[in-house]
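Engineer: The file below is my_file22.cif, mmCIF, C-alpha atoms:
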data_work
#
loop_
_atom_site.group_PDB
_atom_site.id
_atom_site.type_symbol
_atom_site.label_atom_id
_atom_site.label_comp_id
_atom_site.auth_asym_id
_atom_site.auth_seq_id
_atom_site.Cartn_x
_atom_site.Cartn_y
_atom_site.Cartn_z
ATOM 1 C CA MET A 220 108.897 142.563 238.200
ATOM 2 C CA SER A 221 110.604 145.928 238.148
ATOM 3 C CA ASP A 222 113.755 146.687 236.122
ATOM 4 C CA LEU A 223 115.948 146.961 239.246
ATOM 5 C CA ALA A 224 114.747 143.604 240.556
ATOM 6 C CA ARG A 225 115.284 141.982 237.154
ATOM 7 C CA ILE A 226 118.815 143.400 236.977
ATOM 8 C CA ALA A 227 119.635 142.299 240.507
ATOM 9 C CA GLY A 228 118.124 138.861 239.885
ATOM 10 C CA GLU A 229 116.006 139.094 242.998
ATOM 11 C CA ALA A 230 112.344 138.182 243.494
ATOM 12 C CA PRO A 231 109.894 141.089 243.766
ATOM 13 C CA ALA A 232 108.901 142.202 247.235
ATOM 14 C CA PRO A 233 105.688 140.564 248.503
ATOM 15 C CA VAL A 234 102.542 142.621 248.361
ATOM 16 C CA LEU A 235 101.425 143.253 251.929
ATOM 17 C CA TYR A 236 98.056 144.731 251.039
ATOM 18 C CA ARG A 237 95.928 144.444 247.933
ATOM 19 C CA PRO A 238 92.346 145.821 247.894
ATOM 20 C CA CYS A 239 89.606 143.328 247.079
ATOM 21 C CA LYS A 240 88.227 144.265 243.676
ATOM 22 C CA ALA A 241 85.222 142.002 243.379
ATOM 23 C CA ARG A 242 84.468 140.927 246.910
ATOM 24 C CA VAL A 243 80.882 140.043 247.763
ATOM 25 C CA GLY A 244 79.747 141.400 251.122
ATOM 26 C CA ASN A 245 79.113 139.023 253.990
ATOM 27 C CA ARG A 246 75.582 140.331 254.343
ATOM 28 C CA ARG A 247 74.774 139.485 250.736
ATOM 29 C CA LEU A 248 76.152 135.986 251.134
ATOM 30 C CA THR A 249 74.156 135.529 254.325
ATOM 31 C CA LEU A 250 70.988 136.774 252.657
ATOM 32 C CA ALA A 251 71.618 134.494 249.685
ATOM 33 C CA ALA A 252 72.121 131.457 251.926
ATOM 34 C CA PHE A 253 68.918 132.259 253.808
ATOM 35 C CA ALA A 254 66.969 132.682 250.572
ATOM 36 C CA VAL A 255 68.309 129.417 249.123
ATOM 37 C CA ALA A 256 67.386 127.486 252.277
ATOM 38 C CA VAL A 257 63.861 128.937 252.346
ATOM 39 C CA ALA A 258 63.407 128.280 248.618
ATOM 40 C CA ALA A 259 64.543 124.677 249.039
ATOM 41 C CA LEU A 260 62.088 124.128 251.890
ATOM 42 C CA ALA A 261 59.275 125.685 249.850
ATOM 43 C CA ALA A 262 60.173 123.430 246.923
ATOM 44 C CA ILE A 263 60.053 120.352 249.181
ATOM 45 C CA VAL A 264 56.593 121.275 250.459
ATOM 46 C CA ALA A 265 55.265 122.086 246.980
ATOM 47 C CA ALA A 266 56.669 118.892 245.476
ATOM 48 C CA GLY A 267 55.330 116.798 248.344
ATOM 49 C CA LEU A 268 51.829 118.249 248.034
ATOM 50 C CA ALA A 269 51.894 117.710 244.263
ATOM 51 C CA VAL A 270 52.797 114.000 244.492
ATOM 52 C CA THR A 271 50.703 113.034 247.518
ATOM 53 C CA GLY A 272 48.233 111.100 245.387
ATOM 54 C CA SER A 273 50.928 109.357 243.325
ATOM 55 C CA ALA A 274 52.821 108.396 246.475
ATOM 56 C CA MET A 275 49.958 106.083 247.455
ATOM 57 C CA ASP A 276 49.826 104.250 244.115
ATOM 58 C CA THR A 277 50.759 100.568 244.362
ATOM 59 C CA ASP A 278 52.124 98.253 241.673
ATOM 60 C CA PHE A 279 53.083 94.801 242.909
ATOM 61 C CA ALA A 280 54.932 94.131 239.654
ATOM 62 C CA LEU A 281 57.481 96.740 240.771
ATOM 63 C CA LYS A 282 57.819 95.768 244.429
ATOM 64 C CA ASN A 283 61.172 95.609 246.262
ATOM 65 C CA LEU A 284 63.173 97.248 243.477
ATOM 66 C CA ALA A 285 66.609 98.613 244.374
ATOM 67 C CA PRO A 286 67.448 102.250 243.584
ATOM 68 C CA SER A 287 67.719 102.920 239.849
ATOM 69 C CA TRP A 288 67.383 105.789 237.393
ATOM 70 C CA GLU A 289 63.665 105.094 237.074
ATOM 71 C CA HIS A 290 63.188 104.862 240.870
ATOM 72 C CA PRO A 291 66.047 106.785 242.545
ATOM 73 C CA PHE A 292 64.939 105.785 246.062
ATOM 74 C CA GLY A 293 63.775 102.305 245.041
ATOM 75 C CA THR A 294 60.335 100.842 245.729
ATOM 76 C CA ASP A 295 58.814 99.186 248.781
ATOM 77 C CA TRP A 296 57.018 95.842 249.294
ATOM 78 C CA MET A 297 53.861 97.244 247.689
ATOM 79 C CA GLY A 298 55.576 98.713 244.641
ATOM 80 C CA ARG A 299 55.231 102.313 245.834
ATOM 81 C CA ASP A 300 57.900 104.740 244.670
ATOM 82 C CA MET A 301 59.990 105.678 247.711
ATOM 83 C CA LEU A 302 61.041 109.049 246.291
ATOM 84 C CA LEU A 303 57.422 110.124 245.995
ATOM 85 C CA ARG A 304 56.600 108.761 249.447
ATOM 86 C CA THR A 305 59.582 110.570 250.941
ATOM 87 C CA LEU A 306 58.609 113.893 249.352
ATOM 88 C CA ALA A 307 55.013 113.503 250.535
ATOM 89 C CA GLY A 308 56.194 112.584 254.036
ATOM 90 C CA LEU A 309 58.581 115.534 254.203
ATOM 91 C CA SER A 310 55.860 117.965 253.152
ATOM 92 C CA THR A 311 53.608 116.612 255.896
ATOM 93 C CA SER A 312 56.394 116.932 258.466
ATOM 94 C CA VAL A 313 57.227 120.490 257.384
ATOM 95 C CA LEU A 314 53.570 121.543 257.568
ATOM 96 C CA VAL A 315 53.253 120.032 261.041
ATOM 97 C CA GLY A 316 56.448 121.798 262.054
ATOM 98 C CA LEU A 317 55.337 125.171 260.667
ATOM 99 C CA LEU A 318 51.939 125.081 262.340
ATOM 100 C CA ALA A 319 53.195 123.693 265.652
ATOM 101 C CA ALA A 320 56.182 126.038 265.842
ATOM 102 C CA GLY A 321 54.008 129.049 265.012
ATOM 103 C CA VAL A 322 51.503 128.276 267.771
ATOM 104 C CA SER A 323 54.279 127.411 270.224
ATOM 105 C CA SER A 324 56.122 130.672 269.523
ATOM 106 C CA VAL A 325 52.947 132.702 270.166
ATOM 107 C CA ILE A 326 52.506 130.919 273.506
ATOM 108 C CA ALA A 327 56.139 131.631 274.352
ATOM 109 C CA LEU A 328 55.817 135.310 273.420
ATOM 110 C CA VAL A 329 52.653 135.828 275.477
ATOM 111 C CA LEU A 330 53.921 134.014 278.568
ATOM 112 C CA GLY A 331 57.426 135.499 278.352
ATOM 113 C CA ALA A 332 56.051 139.032 278.042
ATOM 114 C CA ALA A 333 53.598 138.414 280.876
ATOM 115 C CA ALA A 334 56.380 137.141 283.138
ATOM 116 C CA ALA A 335 58.583 140.152 282.421
ATOM 117 C CA LEU A 336 55.911 142.836 282.549
ATOM 118 C CA GLY A 337 53.235 141.428 284.840
ATOM 119 C CA GLY A 338 54.913 141.781 288.202
ATOM 120 C CA LYS A 339 56.458 139.362 290.669
ATOM 121 C CA LYS A 340 53.411 137.121 291.139
ATOM 122 C CA VAL A 341 52.847 136.606 287.416
ATOM 123 C CA ASP A 342 56.586 136.065 286.931
ATOM 124 C CA ALA A 343 56.606 133.424 289.671
ATOM 125 C CA VAL A 344 53.638 131.579 288.141
ATOM 126 C CA VAL A 345 55.068 131.586 284.614
ATOM 127 C CA THR A 346 58.521 130.557 285.841
ATOM 128 C CA TRP A 347 56.979 127.702 287.821
ATOM 129 C CA LEU A 348 55.041 126.594 284.738
ATOM 130 C CA ILE A 349 58.198 126.679 282.603
ATOM 131 C CA ASP A 350 60.106 124.613 285.168
ATOM 132 C CA LEU A 351 57.216 122.147 285.357
ATOM 133 C CA MET A 352 57.090 121.679 281.580
ATOM 134 C CA MET A 353 60.857 121.285 281.326
ATOM 135 C CA GLY A 354 60.956 118.894 284.288
ATOM 136 C CA VAL A 355 58.711 116.316 282.582
ATOM 137 C CA PRO A 356 60.463 114.071 280.008
ATOM 138 C CA HIS A 357 59.771 115.743 276.702
ATOM 139 C CA ILE A 358 58.893 112.755 274.545
ATOM 140 C CA VAL A 359 56.684 111.252 277.270
ATOM 141 C CA LEU A 360 54.618 114.426 277.594
ATOM 142 C CA LEU A 361 54.345 114.691 273.821
ATOM 143 C CA ILE A 362 53.125 111.103 273.507
ATOM 144 C CA LEU A 363 50.564 111.564 276.288
ATOM 145 C CA ILE A 364 49.101 114.724 274.731
ATOM 146 C CA SER A 365 49.023 113.251 271.239
ATOM 147 C CA PHE A 366 47.412 110.019 272.444
ATOM 148 C CA ALA A 367 44.830 111.893 274.536
ATOM 149 C CA LEU A 368 43.830 113.972 271.491
ATOM 150 C CA GLY A 369 43.359 110.933 269.289
ATOM 151 C CA LYS A 370 46.731 111.049 267.519
ATOM 152 C CA GLY A 371 46.519 111.976 263.848
ATOM 153 C CA PHE A 372 47.591 115.265 262.290
ATOM 154 C CA TRP A 373 45.938 117.544 264.824
ATOM 155 C CA GLY A 374 46.890 115.450 267.830
ATOM 156 C CA VAL A 375 50.561 115.564 266.859
ATOM 157 C CA THR A 376 50.444 119.260 265.967
ATOM 158 C CA ILE A 377 48.786 120.299 269.221
ATOM 159 C CA GLY A 378 51.101 118.059 271.234
ATOM 160 C CA VAL A 379 54.210 119.546 269.646
ATOM 161 C CA ALA A 380 52.872 123.099 270.026
ATOM 162 C CA ILE A 381 52.098 122.660 273.733
ATOM 163 C CA THR A 382 55.467 121.118 274.608
ATOM 164 C CA HIS A 383 57.946 123.315 272.697
ATOM 165 C CA TRP A 384 57.384 126.818 274.080
ATOM 166 C CA PRO A 385 59.296 126.841 277.451
ATOM 167 C CA SER A 386 62.810 127.486 276.099
ATOM 168 C CA LEU A 387 61.704 130.336 273.850
ATOM 169 C CA ALA A 388 59.577 131.794 276.658
ATOM 170 C CA ARG A 389 62.676 131.979 278.855
ATOM 171 C CA VAL A 390 64.563 133.785 276.094
ATOM 172 C CA VAL A 391 61.732 136.284 275.557
ATOM 173 C CA ARG A 392 61.425 136.913 279.303
ATOM 174 C CA ALA A 393 65.162 137.501 279.680
ATOM 175 C CA GLU A 394 65.287 139.849 276.674
ATOM 176 C CA ILE A 395 62.370 141.948 277.910
ATOM 177 C CA LEU A 396 63.795 142.166 281.423
ATOM 178 C CA GLN A 397 67.130 143.305 280.005
ATOM 179 C CA CYS A 398 65.358 145.872 277.825
ATOM 180 C CA LYS A 399 63.392 147.209 280.818
ATOM 181 C CA GLU A 400 66.649 148.013 282.626
ATOM 182 C CA SER A 401 68.297 149.675 279.625
ATOM 183 C CA THR A 402 69.127 153.381 279.553
ATOM 184 C CA PHE A 403 67.038 154.175 276.468
ATOM 185 C CA VAL A 404 63.873 152.776 278.079
ATOM 186 C CA ALA A 405 64.612 154.798 281.235
ATOM 187 C CA ALA A 406 65.081 157.908 279.081
ATOM 188 C CA ALA A 407 61.797 157.219 277.294
ATOM 189 C CA ARG A 408 60.003 157.019 280.646
ATOM 190 C CA LYS A 409 61.560 160.306 281.726
ATOM 191 C CA LEU A 410 60.333 161.909 278.515
ATOM 192 C CA GLY A 411 56.777 160.887 279.390
ATOM 193 C CA GLN A 412 56.200 158.153 276.824
ATOM 194 C CA SER A 413 53.374 155.752 277.634
ATOM 195 C CA PRO A 414 54.040 152.065 278.433
ATOM 196 C CA ALA A 415 52.317 151.026 275.200
ATOM 197 C CA ARG A 416 54.532 153.335 273.116
ATOM 198 C CA ILE A 417 57.648 152.095 274.904
ATOM 199 C CA ALA A 418 56.626 148.480 274.262
ATOM 200 C CA VAL A 419 55.991 149.065 270.546
ATOM 201 C CA LYS A 420 58.835 151.469 269.795
ATOM 202 C CA HIS A 421 61.616 150.094 271.999
ATOM 203 C CA MET A 422 60.874 146.635 273.413
ATOM 204 C CA LEU A 423 59.438 145.025 270.285
ATOM 205 C CA PRO A 424 62.452 145.850 268.047
ATOM 206 C CA TYR A 425 64.749 144.720 270.864
ATOM 207 C CA VAL A 426 63.052 141.314 271.293
ATOM 208 C CA LEU A 427 62.079 140.657 267.675
ATOM 209 C CA PRO A 428 65.483 139.349 266.428
ATOM 210 C CA GLN A 429 65.779 136.711 269.144
ATOM 211 C CA PHE A 430 62.119 135.804 268.777
ATOM 212 C CA LEU A 431 62.401 135.250 265.002
ATOM 213 C CA VAL A 432 65.509 133.133 265.389
ATOM 214 C CA GLY A 433 63.889 131.104 268.153
ATOM 215 C CA LEU A 434 60.817 130.617 265.980
ATOM 216 C CA ILE A 435 62.805 129.239 263.060
ATOM 217 C CA LEU A 436 64.919 127.022 265.314
ATOM 218 C CA LEU A 437 61.709 125.514 266.727
ATOM 219 C CA PHE A 438 60.941 124.015 263.311
ATOM 220 C CA PRO A 439 63.599 121.261 263.293
ATOM 221 C CA HIS A 440 62.679 120.245 266.852
ATOM 222 C CA ALA A 441 59.025 120.009 265.873
ATOM 223 C CA ILE A 442 59.798 117.976 262.745
ATOM 224 C CA LEU A 443 62.070 115.534 264.571
ATOM 225 C CA HIS A 444 59.610 115.018 267.422
ATOM 226 C CA GLU A 445 56.752 114.489 264.980
ATOM 227 C CA ALA A 446 58.807 111.838 263.198
ATOM 228 C CA ALA A 447 59.813 110.276 266.530
ATOM 229 C CA ILE A 448 56.329 109.788 267.957
ATOM 230 C CA THR A 449 55.005 108.668 264.556
ATOM 231 C CA PHE A 450 57.823 106.111 264.443
ATOM 232 C CA LEU A 451 56.718 104.872 267.877
ATOM 233 C CA GLY A 452 53.105 104.568 266.716
ATOM 234 C CA PHE A 453 51.615 107.535 268.597
ATOM 235 C CA GLY A 454 51.548 110.051 265.787
ATOM 236 C CA LEU A 455 50.271 110.128 262.227
ATOM 237 C CA PRO A 456 48.230 107.132 260.990
ATOM 238 C CA PRO A 457 49.963 104.389 258.960
ATOM 239 C CA GLU A 458 47.980 105.128 255.788
ATOM 240 C CA GLN A 459 49.351 108.676 255.651
ATOM 241 C CA PRO A 460 52.743 109.158 253.965
ATOM 242 C CA ALA A 461 54.979 110.469 256.726
ATOM 243 C CA ILE A 462 58.667 110.049 257.450
ATOM 244 C CA GLY A 463 57.972 108.446 260.805
ATOM 245 C CA VAL A 464 55.609 105.932 259.197
ATOM 246 C CA ILE A 465 58.115 105.159 256.430
ATOM 247 C CA LEU A 466 60.967 104.576 258.887
ATOM 248 C CA SER A 467 58.793 102.499 261.194
ATOM 249 C CA GLU A 468 57.593 100.239 258.388
ATOM 250 C CA SER A 469 61.086 99.844 256.953
ATOM 251 C CA MET A 470 62.444 98.291 260.171
ATOM 252 C CA GLY A 471 60.855 94.954 259.317
ATOM 253 C CA TYR A 472 62.581 94.783 255.940
ATOM 254 C CA LEU A 473 66.140 95.843 256.754
ATOM 255 C CA SER A 474 67.141 92.263 257.572
ATOM 256 C CA ALA A 475 66.051 91.265 254.053
ATOM 257 C CA GLY A 476 68.602 93.682 252.568
ATOM 258 C CA MET A 477 66.143 96.437 251.617
ATOM 259 C CA TRP A 478 68.345 99.161 253.078
ATOM 260 C CA TRP A 479 67.038 101.899 250.799
ATOM 261 C CA LEU A 480 63.680 101.929 252.606
ATOM 262 C CA ALA A 481 65.295 103.557 255.652
ATOM 263 C CA VAL A 482 68.505 105.177 254.396
ATOM 264 C CA PHE A 483 67.113 107.600 251.819
ATOM 265 C CA PRO A 484 64.097 108.814 253.856
ATOM 266 C CA GLY A 485 66.368 109.218 256.891
ATOM 267 C CA LEU A 486 68.907 111.240 254.925
ATOM 268 C CA ALA A 487 66.121 113.359 253.445
ATOM 269 C CA LEU A 488 64.813 114.097 256.952
ATOM 270 C CA ILE A 489 68.294 115.103 258.120
ATOM 271 C CA ALA A 490 68.753 117.339 255.072
ATOM 272 C CA THR A 491 65.419 119.067 255.744
ATOM 273 C CA VAL A 492 66.342 119.683 259.365
ATOM 274 C CA LEU A 493 69.713 121.087 258.287
ATOM 275 C CA LEU A 494 67.955 123.470 255.879
ATOM 276 C CA PHE A 495 65.976 124.871 258.793
ATOM 277 C CA ASP A 496 69.186 125.204 260.779
ATOM 278 C CA VAL A 497 70.883 127.064 257.914
ATOM 279 C CA ALA A 498 67.887 129.391 257.580
ATOM 280 C CA GLY A 499 67.827 130.079 261.330
ATOM 281 C CA SER A 500 71.545 130.723 261.714
ATOM 282 C CA ASN A 501 71.656 133.054 258.711
ATOM 283 C CA LEU A 502 68.557 134.907 259.846
ATOM 284 C CA ARG A 503 70.235 135.448 263.208
ATOM 285 C CA LYS A 504 73.172 137.072 261.444
ATOM 286 C CA LEU A 505 70.830 139.317 259.477
ATOM 287 C CA VAL A 506 68.613 140.569 262.298
ATOM 288 C CA ASP A 507 70.769 140.277 265.435
ATOM 289 C CA PRO A 508 72.918 143.396 265.884
ATOM 290 C CA TYR A 509 75.487 141.441 267.923
ATOM 291 C CA SER A 510 76.192 139.060 265.045
ATOM 292 C CA SER A 511 75.458 141.266 262.033
ATOM 293 C CA GLN A 512 79.174 141.671 261.256
ATOM 294 C CA GLU A 513 79.980 137.948 261.258
#
What would the structure in this file look like if it were written as structure tokens?

Structural biologist:
Amino acid sequence: MSDLARIAGEAPAPVLYRPCKARVGNRRLTLAAFAVAVAALAAIVAAGLAVTGSAMDTDFALKNLAPSWEHPFGTDWMGRDMLLRTLAGLSTSVLVGLLAAGVSSVIALVLGAAAALGGKKVDAVVTWLIDLMMGVPHIVLLILISFALGKGFWGVTIGVAITHWPSLARVVRAEILQCKESTFVAAARKLGQSPARIAVKHMLPYVLPQFLVGLILLFPHAILHEAAITFLGFGLPPEQPAIGVILSESMGYLSAGMWWLAVFPGLALIATVLLFDVAGSNLRKLVDPYSSQE
């Protein structure tokens, strides 16, 4: 308070502008959030792979125990530790999601680029194929493919990979078409650059941000659909620790008051899906020029 204000007995004038002294940039916060989400997912996979053997151990002297400090997620009707089973199931789901989403994104990139660059006939064929895939009920098509391939790890992975590419293919096609009509691509053609150089130097950087974001956002869809068809009995085998298997088996014991068999694995699945969503949204802010200032 200044001397004049103290003498007059008045409050000091409000400060209309004060520079931020120790403000952390939005980009650093975004990068930190992305790194934390990826590290958490990597920790889940590593922990699940490390305890896969212990998750199958049974001890009937410890069966049907409620959550405690010794068993945070409780135990099931065979005395298996539910925390270990949940970690092993999450690691399996994440691995299925990574593999399936990677294959599906490659299919989407190839077909989307072919539709945008291959002429009207190729565009019509790819568009018809996308509409056909999206017109069939998603879960039904996934179950049919998984069942036809013998279910199991590879049946589920291939089924998820084949059924999850249409939306990303549409995005890739639209981005490439928009890039083809841009002024910098027209200028590159006028300067005599070859189509291959234009694709590598101009189109690839233009499409890459949306492609990476679409790839990461495919992961939660793949994980949830893997858990869904496993829950219905068309996915991973019952002897394998998987979230879908855990939730399916727990349905018969909820009426007996063993709520922890479904609640904790379900919450863990939701948390894993949210981690993928956090990673995807923050990656979009980092690589997409339209949202880089958010």

Engineer: Could you list, with a cut-off of 10 Å and counting all atoms listed in the file, the residues of range 371-444 of chain A near range 339-349 of chain A, each shown with its nearest atom pair and the distance in Å rounded to one decimal, rows sorted by chain and ascending number, as a Markdown table?

Structural biologist:
| residue | atom | partner | partner_atom | distance |
| --- | --- | --- | --- | --- |
| A:Trp384 | CA | A:Ile349 | CA | 8.6 |
| A:Pro385 | CA | A:Ile349 | CA | 5.3 |
| A:Ser386 | CA | A:Ile349 | CA | 8.0 |
| A:Ala388 | CA | A:Ile349 | CA | 8.0 |
| A:Arg389 | CA | A:Ile349 | CA | 7.9 |
| A:Arg392 | CA | A:Asp342 | CA | 9.1 |

Engineer: I'd like the neighbourhood of Asp295 in chain A as a list of chain:residue names, where a residue qualifies if any of its atoms comes within 8 Å (using only C-alpha atoms), though same-chain residues fewer than 4 positions away should be ignored.

Structural biologist: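 Contacts, with the query itself left out: A:Lys282, A:Asn283, A:Leu284, A:Arg299, A:Asp300, A:Met301, A:Leu480.
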
Engineer: From the options A:Leu361, A:Val506, A:Ile462, A:Met297, which residue's atoms come nearest to Leu427 in chain A, counting all atoms listed in the file?

Structural biologist: A:Val506

Engineer: Could you pull the residues within 8 Å of Leu436 in chain A, counting all atoms listed in the file, minus those fewer than 3 positions along the same chain, as a list in words?

Structural biologist: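 Listing them by chain and then by number gives Val432, Gly433, Pro439, His440, Phe495, Asp496 and Gly499 of chain A.
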
Engineer: In Å, how far is it from CA of Asp276 in chain A to CA of Thr449 in chain A?

Structural biologist: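 So the answer is 21.5 Å.
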
Engineer: Once the PyMOL selection byres ((chain A and resi 365-370) around 12) has been evaluated on this model, what residues remain selected, and can you format them as number ranges by chain?

Structural biologist: A: 358-364, 371-382, 444-445, 448-449, 451-457

Engineer: What gap, in Å, lies between CA of Ala258 in chain A and CA of Gly293 in chain A?

Structural biologist: 26.2 Å

Engineer: Within 12 Å of Gly471 in chain A, counting all atoms listed in the file, which residues qualify if same-chain residues fewer than 4 places away don't, as a PyMOL selection string?

Structural biologist: chain A and resi 295-296+465-467+475-478+480-481

Engineer: Keeping only C-alpha atoms, write the selected residues as a PDB file, keeping the file's coordinate frame.

Structural biologist:
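Wrote it out as part.pdb, contents follow:
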ATOM      1  CA  ASP A 295      58.814  99.186 248.781  1.00  0.00           C
ATOM      2  CA  TRP A 296      57.018  95.842 249.294  1.00  0.00           C
ATOM      3  CA  ILE A 465      58.115 105.159 256.430  1.00  0.00           C
ATOM      4  CA  LEU A 466      60.967 104.576 258.887  1.00  0.00           C
ATOM      5  CA  SER A 467      58.793 102.499 261.194  1.00  0.00           C
ATOM      6  CA  ALA A 475      66.051  91.265 254.053  1.00  0.00           C
ATOM      7  CA  GLY A 476      68.602  93.682 252.568  1.00  0.00           C
ATOM      8  CA  MET A 477      66.143  96.437 251.617  1.00  0.00           C
ATOM      9  CA  TRP A 478      68.345  99.161 253.078  1.00  0.00           C
ATOM     10  CA  LEU A 480      63.680 101.929 252.606  1.00  0.00           C
ATOM     11  CA  ALA A 481      65.295 103.557 255.652  1.00  0.00           C
TER      12      ALA A 481
END

Engineer: So what do you get for CA of Gly316 in chain A versus CA of Leu437 in chain A, distance-wise?

Structural biologist: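 A separation of 8.0 Å between them.
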
Engineer: Just checking: using all atoms listed in the file, which residue out of A:Phe292, A:Ala259, A:Val270, A:Phe450 ends up closest to Leu486 in chain A?

Structural biologist: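 Closest residue, counting all atoms listed in the file: A:Phe292.
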
Engineer: For Val426 in chain A, which residue out of A:Ala256, A:Ala320, A:Ala406, A:Leu328 is the nearest one, using all atoms listed in the file?

Structural biologist: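 Looking only at the distances to Val426 in chain A, the closest residue turns out to be A:Leu328.
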
Engineer: Looking at A:Arg246, A:Asn501, A:Phe253, A:Val482, which one is nearest to Met470 in chain A, with distances taken over all atoms listed in the file?

Structural biologist: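 Closest to Met470 in chain A of all the choices is A:Val482.
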